[in-house]
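Undergrad: As input, take coords_4.txt (compact mmCIF, C-alpha atoms and all ligand atoms):
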```txt
# COMPACT_ATOMS: atom_id res chain seq x y z
CA MET E 1 -55.99 68.00 -4.80
CA SER E 2 -58.05 68.98 -7.76
CA ARG E 3 -57.40 67.81 -11.27
CA ARG E 4 -57.58 70.50 -13.88
CA PRO E 5 -55.62 69.32 -16.92
CA TYR E 6 -54.50 72.13 -19.20
CA VAL E 7 -55.02 71.63 -22.93
CA ARG E 8 -52.63 73.49 -25.20
CA PRO E 9 -54.54 74.47 -28.30
CA MET E 10 -53.13 73.58 -31.71
CA SER E 11 -53.74 76.11 -34.45
CA ARG E 12 -55.71 74.54 -37.28
CA THR E 13 -54.27 76.98 -39.80
CA THR E 14 -50.61 77.42 -38.86
CA TRP E 15 -49.59 74.16 -37.14
CA TYR E 16 -47.30 73.18 -40.00
CA MET E 17 -45.06 76.19 -39.34
CA ARG E 18 -43.81 74.44 -36.20
CA ASN E 19 -40.87 72.69 -37.86
CA GLY E 20 -39.12 72.01 -41.17
CA ARG E 21 -40.47 68.47 -41.41
CA PHE E 22 -44.07 69.70 -41.36
CA LYS E 23 -43.29 72.36 -43.98
CA VAL E 24 -41.81 69.77 -46.35
CA TYR E 25 -44.88 67.62 -45.75
CA MET E 26 -47.14 70.52 -46.70
CA LEU E 27 -45.12 71.15 -49.86
CA ARG E 28 -45.69 67.48 -50.74
CA GLU E 29 -49.43 67.76 -50.08
CA LEU E 30 -49.63 70.91 -52.23
CA THR E 31 -49.00 68.69 -55.27
CA SER E 32 -52.71 67.86 -54.98
CA LEU E 33 -53.44 71.32 -56.46
CA LEU E 34 -51.34 70.46 -59.50
CA VAL E 35 -53.09 67.09 -59.78
CA GLY E 36 -56.42 68.97 -59.79
CA PHE E 37 -55.12 71.35 -62.45
CA TYR E 38 -54.07 68.47 -64.71
CA ALA E 39 -57.38 66.68 -64.20
CA PHE E 40 -59.16 69.79 -65.52
CA LEU E 41 -56.67 70.13 -68.34
CA VAL E 42 -57.40 66.58 -69.49
CA LEU E 43 -61.13 67.34 -69.28
CA PHE E 44 -60.70 70.44 -71.46
CA GLY E 45 -58.65 68.42 -73.92
CA LEU E 46 -61.32 65.70 -74.07
CA VAL E 47 -64.08 68.27 -74.60
CA ALA E 48 -62.08 69.83 -77.45
CA LEU E 49 -61.47 66.40 -78.95
CA SER E 50 -65.05 65.20 -78.62
CA ALA E 51 -66.40 68.34 -80.33
CA GLY E 52 -65.30 66.65 -83.54
CA SER E 53 -63.84 69.81 -85.01
CA GLU E 54 -60.18 69.75 -85.85
CA ALA E 55 -59.91 73.52 -85.41
CA GLN E 56 -61.07 73.31 -81.79
CA TRP E 57 -58.57 70.55 -81.01
CA ASN E 58 -55.76 72.51 -82.67
CA ASP E 59 -56.74 75.58 -80.63
CA PHE E 60 -56.43 73.51 -77.47
CA LEU E 61 -53.00 72.25 -78.52
CA ALA E 62 -51.89 75.78 -79.43
CA SER E 63 -53.07 77.09 -76.04
CA GLN E 64 -50.56 74.74 -74.36
CA GLN E 65 -47.60 75.91 -76.39
CA GLY E 66 -47.19 79.53 -75.32
CA PRO E 67 -44.15 80.40 -73.18
CA GLU E 68 -46.28 80.78 -70.00
CA MET E 69 -47.80 77.32 -70.37
CA ILE E 70 -44.44 75.74 -71.14
CA ALA E 71 -43.00 77.44 -68.05
CA LEU E 72 -45.94 76.18 -65.98
CA HIS E 73 -45.59 72.62 -67.27
CA GLY E 74 -41.84 72.74 -66.62
CA PHE E 75 -42.42 74.00 -63.08
CA ALA E 76 -45.08 71.34 -62.49
CA LEU E 77 -42.75 68.61 -63.74
CA LEU E 78 -39.93 69.65 -61.38
CA TYR E 79 -42.33 70.13 -58.48
CA PHE E 80 -43.81 66.67 -59.01
CA LEU E 81 -40.38 65.09 -59.31
CA PHE E 82 -39.10 66.54 -56.05
CA TYR E 83 -42.16 66.48 -53.86
CA GLN E 84 -44.05 63.53 -55.28
CA THR E 85 -41.96 61.06 -57.28
CA PHE E 86 -38.71 61.10 -55.29
CA ALA E 87 -40.57 61.48 -52.00
CA TRP E 88 -42.95 58.56 -52.56
CA PHE E 89 -40.37 56.28 -54.14
CA ASN E 90 -38.23 56.75 -51.04
CA LEU E 91 -41.18 55.93 -48.80
CA ALA E 92 -42.26 52.88 -50.81
CA PRO E 93 -40.17 50.33 -48.83
CA LYS E 94 -42.14 51.25 -45.72
CA ALA E 95 -45.47 50.38 -47.27
CA MET E 96 -44.17 47.36 -49.17
CA PRO E 97 -41.42 45.61 -47.23
CA VAL E 98 -40.18 42.37 -48.76
CA GLN E 99 -38.95 39.53 -46.56
CA LEU E 100 -37.10 36.58 -48.03
CA GLY E 101 -36.80 33.79 -45.49
CA GLU E 102 -35.38 35.39 -42.33
CA LYS E 103 -33.93 38.40 -44.12
CA LYS E 104 -35.59 41.67 -45.07
CA LEU E 105 -34.75 42.85 -48.58
CA PRO E 106 -32.69 46.08 -48.18
CA ALA E 107 -34.88 49.14 -48.71
CA HIS E 108 -32.78 50.54 -51.56
CA PHE E 109 -33.57 47.46 -53.71
CA ILE E 110 -37.26 48.34 -53.53
CA VAL E 111 -36.56 52.00 -54.30
CA ILE E 112 -34.40 51.08 -57.31
CA ALA E 113 -37.12 48.70 -58.57
CA HIS E 114 -39.50 51.68 -58.61
CA TYR E 115 -37.11 53.77 -60.68
CA VAL E 116 -36.65 50.88 -63.13
CA ALA E 117 -40.42 50.42 -63.44
CA TRP E 118 -40.77 54.18 -63.99
CA ALA E 119 -38.17 54.12 -66.79
CA VAL E 120 -39.89 51.16 -68.47
CA VAL E 121 -43.35 52.77 -68.31
CA SER E 122 -41.95 56.11 -69.58
CA ALA E 123 -40.19 54.38 -72.48
CA PHE E 124 -43.45 52.60 -73.35
CA ILE E 125 -45.36 55.89 -73.39
CA PHE E 126 -42.70 57.59 -75.54
CA TRP E 127 -42.91 54.60 -77.88
CA LEU E 128 -46.71 54.87 -78.03
CA ALA E 129 -46.36 58.57 -78.81
CA GLY E 130 -43.97 57.73 -81.61
CA ALA E 131 -41.06 59.59 -80.04
CA ILE E 132 -38.78 56.54 -80.00
CA MET D 1 -14.88 65.55 -15.31
CA GLY D 2 -15.80 69.18 -15.82
CA THR D 3 -19.25 70.64 -15.42
CA ARG D 4 -21.10 72.89 -17.85
CA GLN D 5 -23.64 75.48 -16.77
CA ILE D 6 -26.94 74.95 -18.59
CA GLU D 7 -29.87 77.35 -18.54
CA LEU D 8 -32.88 75.09 -18.22
CA GLU D 9 -36.17 76.68 -19.18
CA VAL D 10 -38.89 74.44 -17.79
CA MET D 11 -42.61 74.66 -18.36
CA ARG D 12 -44.52 74.81 -15.10
CA TYR D 13 -48.21 74.34 -14.45
CA ASN D 14 -49.87 73.93 -11.10
CA PRO D 15 -53.57 73.10 -11.56
CA GLU D 16 -54.35 74.51 -8.11
CA LYS D 17 -52.84 77.92 -8.76
CA ASP D 18 -52.03 78.61 -12.41
CA GLU D 19 -54.46 79.68 -15.10
CA ALA D 20 -51.98 78.70 -17.79
CA PRO D 21 -48.50 77.18 -18.03
CA TRP D 22 -45.45 79.44 -17.69
CA PHE D 23 -41.69 79.04 -17.90
CA GLN D 24 -39.25 78.89 -15.01
CA GLN D 25 -35.46 79.21 -15.44
CA TYR D 26 -32.99 77.06 -13.58
CA SER D 27 -29.23 77.32 -13.89
CA VAL D 28 -27.88 73.78 -13.62
CA PRO D 29 -24.21 72.70 -13.33
CA CYS D 30 -24.29 69.61 -15.56
CA GLU D 31 -21.73 66.82 -15.62
CA GLU D 32 -20.39 65.91 -19.03
CA ASP D 33 -22.25 62.60 -19.26
CA TRP D 34 -25.63 63.88 -18.08
CA ALA D 35 -28.89 63.55 -19.92
CA ILE D 36 -31.72 66.08 -19.56
CA LEU D 37 -33.32 63.73 -17.03
CA ASP D 38 -30.25 64.08 -14.78
CA ALA D 39 -30.54 67.85 -14.96
CA LEU D 40 -34.22 67.63 -13.94
CA ILE D 41 -33.31 65.32 -11.05
CA TYR D 42 -30.67 67.85 -9.99
CA VAL D 43 -33.29 70.61 -10.02
CA LYS D 44 -35.69 68.55 -7.92
CA ASP D 45 -33.03 67.49 -5.41
CA ASN D 46 -31.19 70.81 -5.07
CA LEU D 47 -33.12 73.77 -6.42
CA ASP D 48 -36.86 73.23 -6.42
CA SER D 49 -38.57 70.20 -4.88
CA THR D 50 -41.97 71.23 -6.29
CA LEU D 51 -41.05 70.28 -9.87
CA SER D 52 -43.07 67.29 -11.14
CA TYR D 53 -42.01 64.92 -13.90
CA ARG D 54 -42.23 61.21 -14.63
CA TRP D 55 -39.37 58.79 -14.87
CA SER D 56 -38.47 55.33 -13.73
CA CYS D 57 -35.66 53.34 -15.33
CA HIS D 58 -33.25 55.92 -16.81
CA MET D 59 -32.33 53.37 -19.50
CA MET D 60 -34.84 53.61 -22.37
CA VAL D 61 -36.98 50.76 -21.16
CA CYS D 62 -39.85 52.17 -19.13
CA GLY D 63 -40.92 54.80 -21.63
CA SER D 64 -42.11 57.27 -18.98
CA CYS D 65 -39.65 60.19 -19.29
CA GLY D 66 -40.84 61.47 -22.69
CA MET D 67 -40.86 65.29 -22.90
CA THR D 68 -40.48 68.02 -25.48
CA VAL D 69 -36.86 69.15 -25.57
CA ASN D 70 -36.14 72.25 -27.66
CA GLY D 71 -39.35 71.65 -29.58
CA GLU D 72 -38.91 67.94 -30.36
CA PRO D 73 -40.28 64.89 -28.52
CA HIS D 74 -37.54 62.89 -26.80
CA LEU D 75 -36.93 60.41 -24.01
CA THR D 76 -35.06 62.70 -21.61
CA CYS D 77 -32.91 59.79 -20.38
CA LYS D 78 -31.30 59.48 -23.81
CA THR D 79 -31.14 63.17 -24.70
CA PHE D 80 -27.63 64.16 -23.70
CA ILE D 81 -26.49 67.58 -22.55
CA ARG D 82 -23.33 67.26 -24.67
CA ASP D 83 -25.50 67.29 -27.82
CA LEU D 84 -27.43 70.40 -26.78
CA PRO D 85 -26.76 74.15 -26.67
CA ASP D 86 -26.31 76.04 -23.37
CA LYS D 87 -29.97 76.95 -23.25
CA VAL D 88 -32.48 74.12 -23.22
CA ARG D 89 -36.25 74.37 -23.14
CA VAL D 90 -38.13 71.45 -21.57
CA GLU D 91 -41.88 71.16 -22.01
CA PRO D 92 -44.40 68.36 -21.48
CA LEU D 93 -45.16 66.13 -24.49
CA GLU D 94 -47.20 68.00 -27.10
CA ASN D 95 -50.74 66.92 -28.00
CA PHE D 96 -51.55 65.78 -24.45
CA PRO D 97 -53.27 67.72 -21.66
CA ILE D 98 -50.88 68.80 -18.90
CA GLU D 99 -51.62 67.26 -15.51
CA ARG D 100 -48.92 69.20 -13.67
CA ASP D 101 -45.55 70.66 -14.78
CA LEU D 102 -44.00 68.07 -17.11
CA VAL D 103 -46.54 65.34 -16.42
CA VAL D 104 -49.21 64.73 -19.08
CA VAL D 105 -52.55 62.90 -19.07
CA LEU D 106 -52.25 59.67 -21.06
CA ASP D 107 -55.74 58.20 -20.42
CA ASP D 108 -56.79 58.66 -24.04
CA VAL D 109 -53.98 56.62 -25.56
CA MET D 110 -54.30 53.93 -22.89
CA GLN D 111 -57.84 53.34 -24.16
CA LYS D 112 -56.68 53.38 -27.76
CA LEU D 113 -54.14 50.64 -27.12
CA GLN D 114 -57.06 48.38 -26.14
CA LEU D 115 -58.84 49.03 -29.45
CA ALA D 116 -55.91 47.25 -31.10
CA LYS D 117 -56.96 43.97 -29.38
CA PRO D 118 -53.31 43.40 -28.49
CA TYR D 119 -53.52 39.68 -27.84
CA ILE D 120 -53.59 36.53 -29.94
CA ILE D 121 -57.07 35.78 -31.23
CA ARG D 122 -57.78 32.18 -32.21
CA LYS D 123 -60.79 30.54 -33.70
CA ASP D 124 -60.13 27.47 -31.56
CA ASP D 125 -60.17 29.48 -28.31
CA PRO D 126 -59.54 28.13 -25.68
CA PRO D 127 -56.42 26.50 -27.12
CA PRO D 128 -56.23 22.73 -27.26
CA GLU D 129 -54.68 21.32 -24.11
CA ASP D 130 -51.02 20.27 -24.12
CA GLU D 131 -50.36 21.94 -27.43
CA GLU D 132 -48.56 25.08 -28.35
CA TYR D 133 -48.69 27.18 -31.49
CA PRO D 134 -45.25 26.84 -33.03
CA GLN D 135 -43.63 29.73 -34.88
CA SER D 136 -40.60 29.78 -37.16
CA ARG D 137 -37.85 32.37 -36.86
CA ALA D 138 -38.81 33.78 -40.25
CA ALA D 139 -42.40 34.25 -39.06
CA LEU D 140 -41.16 36.01 -35.92
CA LYS D 141 -38.97 38.32 -37.97
CA LYS D 142 -42.07 39.58 -39.80
CA PHE D 143 -43.36 41.44 -36.74
CA LYS D 144 -40.50 41.58 -34.25
CA GLN D 145 -39.78 45.25 -34.84
CA TYR D 146 -43.33 46.13 -33.74
CA THR D 147 -42.88 44.33 -30.43
CA MET D 148 -40.18 46.80 -29.37
CA CYS D 149 -42.66 49.55 -28.46
CA ILE D 150 -42.31 50.87 -24.89
CA ASN D 151 -45.50 52.98 -24.91
CA CYS D 152 -43.57 56.21 -24.48
CA MET D 153 -46.10 58.02 -26.70
CA LEU D 154 -43.47 60.21 -28.36
CA CYS D 155 -45.12 59.20 -31.63
CA TYR D 156 -48.47 60.69 -30.59
CA SER D 157 -46.70 63.82 -29.47
CA ALA D 158 -45.03 64.13 -32.89
CA CYS D 159 -48.18 63.41 -34.90
CA PRO D 160 -50.01 66.51 -36.20
CA GLN D 161 -53.09 64.44 -37.10
CA TYR D 162 -53.47 63.37 -33.48
CA GLY D 163 -52.86 66.97 -32.40
CA LEU D 164 -55.65 68.17 -34.70
CA SER D 165 -58.09 65.39 -33.81
CA ASN D 166 -57.92 63.13 -30.78
CA ASP D 167 -60.28 60.75 -32.55
CA PHE D 168 -57.34 59.41 -34.52
CA ILE D 169 -56.41 56.02 -33.06
CA GLY D 170 -52.79 56.93 -33.66
CA PRO D 171 -49.35 55.43 -34.33
CA ALA D 172 -48.52 53.18 -31.36
CA ALA D 173 -51.97 51.57 -31.13
CA LEU D 174 -52.10 50.94 -34.87
CA SER D 175 -48.62 49.43 -35.01
CA LEU D 176 -49.51 47.28 -32.02
CA ALA D 177 -52.50 45.94 -33.95
CA HIS D 178 -50.27 45.38 -36.97
CA ARG D 179 -47.88 43.40 -34.77
CA TYR D 180 -50.69 40.92 -34.00
CA ASN D 181 -52.03 40.93 -37.56
CA LEU D 182 -48.59 39.82 -38.76
CA ASP D 183 -48.23 37.14 -36.09
CA SER D 184 -48.50 33.70 -37.70
CA ARG D 185 -50.31 32.36 -34.60
CA ASP D 186 -53.07 34.98 -34.77
CA GLN D 187 -56.39 34.74 -36.61
CA GLY D 188 -57.96 38.03 -35.58
CA LYS D 189 -56.93 40.29 -38.46
CA ALA D 190 -60.43 40.74 -39.91
CA GLN D 191 -61.78 41.72 -36.46
CA ARG D 192 -59.06 44.29 -35.93
CA LEU D 193 -59.31 45.78 -39.41
CA ASP D 194 -63.05 46.26 -38.96
CA ILE D 195 -62.27 48.93 -36.37
CA LEU D 196 -58.83 50.10 -37.38
CA ALA D 197 -59.06 50.29 -41.18
CA ASP D 198 -61.63 53.04 -40.84
CA HIS D 199 -61.78 56.84 -40.83
CA ASP D 200 -60.42 57.26 -37.31
CA GLY D 201 -57.97 54.44 -37.93
CA VAL D 202 -55.38 54.13 -40.64
CA TRP D 203 -57.15 56.46 -43.09
CA GLU D 204 -56.76 59.44 -40.78
CA CYS D 205 -53.01 59.08 -41.31
CA SER D 206 -51.62 61.22 -44.13
CA PHE D 207 -48.10 59.82 -43.79
CA VAL D 208 -46.32 62.82 -42.36
CA GLY D 209 -43.81 60.31 -41.01
CA ALA D 210 -43.02 62.32 -37.86
CA CYS D 211 -43.97 59.39 -35.58
CA SER D 212 -41.25 57.17 -37.01
CA GLU D 213 -38.64 59.90 -36.68
CA ALA D 214 -39.59 60.45 -33.05
CA CYS D 215 -39.70 56.78 -32.06
CA PRO D 216 -36.72 55.92 -29.81
CA LYS D 217 -37.10 52.18 -30.47
CA ASN D 218 -37.14 52.18 -34.30
CA VAL D 219 -40.61 50.67 -34.29
CA ASP D 220 -41.45 52.69 -37.40
CA PRO D 221 -45.18 53.08 -36.72
CA ALA D 222 -45.64 55.00 -39.99
CA ALA D 223 -44.60 51.88 -41.90
CA ALA D 224 -47.05 49.73 -39.93
CA ILE D 225 -49.89 52.12 -40.74
CA GLN D 226 -49.12 52.19 -44.47
CA GLN D 227 -49.00 48.39 -44.52
CA MET D 228 -52.34 48.28 -42.73
CA LYS D 229 -53.79 50.55 -45.41
CA VAL D 230 -52.78 47.96 -47.99
CA ASP D 231 -54.14 45.12 -45.82
CA GLY D 232 -57.39 46.98 -45.15
CA THR D 233 -57.92 47.61 -48.86
CA MET D 234 -57.27 43.95 -49.73
CA GLU D 235 -59.60 42.82 -46.96
CA TRP D 236 -62.31 45.20 -48.23
CA TRP D 237 -62.11 43.77 -51.75
CA LYS D 238 -62.09 40.22 -50.41
CA GLN D 239 -65.23 40.88 -48.37
CA LYS D 240 -66.84 42.59 -51.34
CA PHE D 241 -66.35 39.49 -53.48
CA GLY D 242 -67.20 37.08 -50.67
CA LEU D 243 -63.69 35.63 -50.73
CA THR D 244 -63.29 35.58 -47.00
CA GLY D 245 -65.13 33.33 -44.60
CA ASP D 246 -63.58 34.78 -41.46
CA LYS D 247 -65.82 37.73 -40.69
CA PRO D 248 -66.44 37.74 -36.95
S1 LIG E 301 -44.16 53.33 -31.37
FE1 LIG E 301 -42.17 54.16 -30.69
S2 LIG E 301 -42.65 56.33 -30.15
FE2 LIG E 301 -44.61 55.24 -30.26
S3 LIG E 301 -45.02 54.60 -28.15
FE3 LIG E 301 -43.96 52.88 -29.16
S4 LIG E 301 -41.78 53.18 -28.69
FE4 LIG E 301 -42.81 55.13 -28.24
```
Would you put the structure from the file into structure tokens?
TA:
Amino acid sequence: MSRRPYVRPMSRTTWYMRNGRFKVYMLRELTSLLVGFYAFLVLFGLVALSAGSEAQWNDFLASQQGPEMIALHGFALLYFLFYQTFAWFNLAPKAMPVQLGEKKLPAHFIVIAHYVAWAVVSAFIFWLAGAI
Amino acid sequence: MGTRQIELEVMRYNPEKDEAPWFQQYSVPCEEDWAILDALIYVKDNLDSTLSYRWSCHMMVCGSCGMTVNGEPHLTCKTFIRDLPDKVRVEPLENFPIERDLVVVLDDVMQKLQLAKPYIIRKDDPPPEDEEYPQSRAALKKFKQYTMCINCMLCYSACPQYGLSNDFIGPAALSLAHRYNLDSRDQGKAQRLDILADHDGVWECSFVGACSEACPKNVDPAAAIQQMKVDGTMEWWKQKFGLTGDKP
């Protein structure tokens, strides 16, 4: 009797095509590209601001207001909401379970607390921006 | 009770003859209440005695009949024919080398379970004579879910990170460590996190969540790993600021 275990190779480039769960996971991970894009955008904005010239800053603002950029920001917002915000809020009770005495706090309480915190932070930012 | 004819497509691999695995078809008259494991037993008893597979209890306790059924990891004793189409593909668990037919090599994960130091670590070892370490029901509740693991390794089979790199310590071993970290009688958390809150430990996990979906015992290893990430980070900061005296 000879042992000769057979190893089934896993494709490093297409493994996530195996099932729907992996595809959704990849869509979630793709948000990292958008995060990168926004990091650069903030950098560009800061450079424009630090140049000290109002014209340069206004150019930067104007560059964000064309229909393509508005479409891109709208797409990014929806993409983030579905694949980042909703996804991570739903997963939050796993990372942060709360036990009170012998009972575990139901998961949806923790999820709702996240949405409430989100609303409060958003309202604060709108208030800072003078929108409310 | 009527029978239903099921076309079973079973992966075969004989290390003495085959270069690579291949599929063999068996037509099995299944009783209504059969699970896939019953169909495999029927094949072995009536159609082909050379078929190899592991099983023991047929009641979700032993954890040895895990296989890939129609592409998903399952305990075959609780995967019922009535929930499946007429054609069923049975393969060995993914992410493990095939020993023979449906039997996989589990040596790697057996070693990983030991990395978790799955026993109570005390500073006052050996324990004081004639004393026990009491534990409240609330303290037990904190980790009870993680004691339900039956080492079936479906979670490793579901995990793409383990499939891509066997260095990953993986779901069952990490949740086993978390079980002891959460135990009020244990004092070994810092020791365990030294090994497990590292690149091949919890940080290799990108929270796909497939392990928890595959787990037949609702252990939820993905949750354990995320909680260990939080613990590991806290422990790191504590050590950085010299707030912890219990480094081994
Ligand atoms: S954690 Fe669940 S899936 Fe993984 S070995 Fe334990 S019982 Fe099986």
Undergrad: Just give me the gap between CA of Leu75 in chain D and atom S3 of ligand LIG 301 (chain E) in Å, one decimal is fine.
TA: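 Rounded to one decimal, the two atoms are 10.8 Å apart.
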Undergrad: With distances taken over all atoms listed in the file, which residue among E:Gly130, E:Gly52, E:Pro106, E:Pro93 lies nearest chain D?
TA: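 The answer is E:Pro93, which sits nearest to chain D.
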Undergrad: Find the residues near ligand LIG 301 (chain E). Use a cut-off of 7 Å, count only C-alpha atoms and all ligand atoms, and write them as a PyMOL selection string.
TA: chain D and resi 63+148-156+171-172+175+211+214-221
Undergrad: Give me, as a PyMOL selection string, the residues of chain D touching chain E, with the criterion being at most 6 Å (counting only C-alpha atoms).
TA: chain D and resi 15+97-99+138+223+226-227
Undergrad: Using all atoms listed in the file, which of D:Leu115, D:Tyr26, D:Leu47, D:Val230 sits nearest Leu174 in chain D?
TA: D:Leu115
Undergrad: One number please: CA of Leu40 in chain D to CA of Gly2 in chain D, in Å, one decimal.
TA: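 Separating CA of Leu40 in chain D from CA of Gly2 in chain D is a distance of 18.6 Å.
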Undergrad: Go through E:Ala51, E:Met17, E:Leu34, E:Leu61 and flag the residue nearest Gln84 in chain E, using all atoms listed in the file for the distances.
TA: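 Nearest candidate to Gln84 in chain E out of E:Ala51, E:Met17, E:Leu34, E:Leu61: E:Leu34.
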Undergrad: For range 178-193 of chain D, list every protein, DNA or RNA residue within 9 Å, evaluated using only C-alpha atoms, and leave out those in the same chain fewer than 2 positions away; present the list as number ranges by chain.
TA: D: 115-123, 133-136, 139-140, 142-147, 173-176, 195-198, 201, 224-225, 227-228, 231-232, 235, 246-248
Undergrad: Which residue out of E:Ala55, E:Ala113, E:Thr31, E:Phe89 has the minimum interatomic distance to Phe75 in chain E when only C-alpha atoms are used?
TA: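 Closest to Phe75 in chain E of all the choices is E:Thr31.
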Undergrad: So how many Å separate CA of Gly71 in chain D and CA of Asn46 in chain D, to one decimal?
TA: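 Between these atoms lies a distance of 25.8 Å.
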Undergrad: Taking (-47.4, 73.0, -23.5) in the file's coordinates as the center, which residues reach within 10 Å of it, counting only C-alpha atoms, put as a count of residues only?
TA: 23
Undergrad: List as a ChimeraX atom specification the protein and nucleic acid residues near range 64-73 of chain E, meaning an atom at most 10 Å away when all atoms listed in the file are counted, but skip any in the same chain fewer than 6 places from it.
TA: /E:34,38,41,79
Undergrad: Take the residues from that selection and put them in a file with C-alpha atoms, as a JSON list (two decimals), in the frame of the given file.
TA:
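As written to disk, part.json reads:
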```
[["chain", "number", "residue", "atom", "x", "y", "z"],
["E", 34, "LEU", "CA", -51.34, 70.46, -59.50],
["E", 38, "TYR", "CA", -54.07, 68.47, -64.71],
["E", 41, "LEU", "CA", -56.67, 70.13, -68.34],
["E", 79, "TYR", "CA", -42.33, 70.13, -58.48]]
```
